[in-house]
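Here is the structure we will look at, set down as structure tokens.
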Amino acid sequence: MDTKALRQKILDLAIRGKLVPQDPNDEPASVLLERIRAEKQQMVKDGKLKAKDIKNDTVIFKGDDNLHYEQFADGTVKCIEDEIPFELPEGWEWCRLQTLCVKEIKRGKAPKYEEKSDTLVFAQKCNTKAGYIDISKAKFLDQSTLKKYTDEDYLSYNDIIINSTGTGTLGRIGIYMESDDAYGIKIVPDSHITIVRAMSSEMNSRYVYYFLKYHQSYFENSGVGSTNQKELKPEVISTFLVAVPPIEEQNNIVSKIDIANNYSFDLDNKKEQLKELISAIKSKILDLAIRGKLVPQDPNDEPASVLLERIRAEKEELIKQGKIKRDKKESVIFKGDDNSYYEKMSTGEVKCIDDELPFVLPEGWEWARLKSICEPISDGTHQTPKYTDEGYIFLSSKNVTSGYIDWQNVMYISESLHNKLYERIAPQKNDILLAKNGTTGVAALVDKDYIFDIYVTLALIRTIGYQVHPKYILCVFASNTTQYYFKKSLKGIGVPNLHLEQIRETLVPVPPKNEQVKIYEAVENLNRFIEMVEASLN
């Protein structure tokens, strides 16, 4: 279920008078608006408002010709039928947002800040999920600035704020709720936001907030100025048309929206919890797989020790043929008579590696370094190539983001450069590409017979004669055990890298060959089922 779309649909029904039934006995909104105008006039007489606070108030009415007109403070009348977005139910009225507000809609001030004070200043951020004010990034006011503020400058509960400068946050709308007063201190708005304070005695501020929230994209797109610094002017906000229902219907609408939002946010939370659970299940499946606990062992399978002997023999043959070079750091891992594991280096040195081994293997399995079961592990070119509009595919870590190779968003290099790079390293189908940085530790199988080249951000891994199946190696790489090893092996400042030496030294639990196939097939089947569950959440 798309809960965001659901919330938007509920708002759409609400502002059109289709969410709750109309009650013909409710006082019509026209009477409510007359009372607001009268109350504001009296506030001017009492000195509580200035004349400029109401100078832009207008009256919108329907003429005998069934068209909408707007009467301004100077008595002039203008037809605004082309501005009216939809037909209202009986008893509802259109008005400008300014008419509903206690005072002139304007920006906050531009204060000076200090490290400590009794007052916080809000710094233009609204929580996009719930639409509330995020005061976690608020700053303290300088004492000299603090003296310039009066009580009416502080944010009051149910004040609506609209981000009015910037790019990414422009037009974002929030409302100051009691739950926002986590610090127990007063908050004043700064010049990045515009304050909308509805006549709370006659209007439900949360209805106004929901109406504006529904039209948030309008405010986001109404900024003027440079690309880097857009500005949403107060007059754009002030003159925005609001559909006003009777007050009782406002209250009912807000109640219904609140209930629906609580349900949808709760559903969102449950979806997130389910996604976290699914991620944990995926990790657990891989953990069981590489420990030999996902599929049953078959005592009749050829043990992994024989498989590793065959790999060593095949590697020797490749060395004799000059196809690969001998690794001077080659090693063999074995279990001693004392039940401990040892590693014998090509130099003859033997050392105990019990403290490196993350878990106990089943009968018939063996430990091996990745380099021992692979052809020499290398990475792509260390020079940034000159790209072309067409030619040979050139991959980097950005093409290996989710365990699959993205063949759609690739770069290209010229034939001459390809020929040069291909002499050094020639990827082929069923190789593994492992991201050394960027999406560090993510690996993908080359699943196409494409001719391509790779950048230094990718390591190429090819098991000897595919005696250890690449798909099983992918399971090992994706497991928590190996991912933890990769993360603690990162080196460098700024953008840490996974170096080839650490990749080569990766410990691999090697099962019998038949069990490798059973393991990756079981993992693939379970993942397909999990993907079906994930798809149902979106």
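Residues are named by chain letter and number: chains run A, B, ... in the order of the structure tokens, numbers start at 1 in each chain, and ligands are numbered from 1 in the order shown.
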Practice item. Considering only C-alpha atoms, return as an MDAnalysis selection string whatever protein or nucleic-acid residues lie within 9 Å of A:Phe359, sequence-local ones (same chain, fewer than 2 positions apart) excluded. Key: chainID A and resid 291 357 361
With N, CA, C and O atoms retained, could you export that selection as a PDB file, in the first residue's frame?
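The result, written out as out-v3.pdb:
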```pdb
ATOM      1  N   ARG A 291      27.778 -21.546   6.988  1.00  0.00           N
ATOM      2  CA  ARG A 291      28.147 -22.367   8.141  1.00  0.00           C
ATOM      3  C   ARG A 291      27.726 -23.826   7.951  1.00  0.00           C
ATOM      4  O   ARG A 291      27.889 -24.645   8.856  1.00  0.00           O
ATOM      5  N   LEU A 357      39.641 -17.520  12.695  1.00  0.00           N
ATOM      6  CA  LEU A 357      38.504 -18.278  12.162  1.00  0.00           C
ATOM      7  C   LEU A 357      37.224 -17.903  12.901  1.00  0.00           C
ATOM      8  O   LEU A 357      37.150 -17.993  14.130  1.00  0.00           O
ATOM      9  N   LEU A 361      33.568 -25.328  11.185  1.00  0.00           N
ATOM     10  CA  LEU A 361      33.030 -25.874   9.938  1.00  0.00           C
ATOM     11  C   LEU A 361      32.455 -27.272  10.127  1.00  0.00           C
ATOM     12  O   LEU A 361      32.896 -28.023  11.006  1.00  0.00           O
TER      13      LEU A 361
END
```
Exercise for review: Please provide as a PyMOL selection string all residues within 10 Å of A:Glu235, with the sequence filter that same-chain residues fewer than 6 positions apart are discarded (counting only C-alpha atoms).
Suggested key: chain A and resi 56+98+104-106
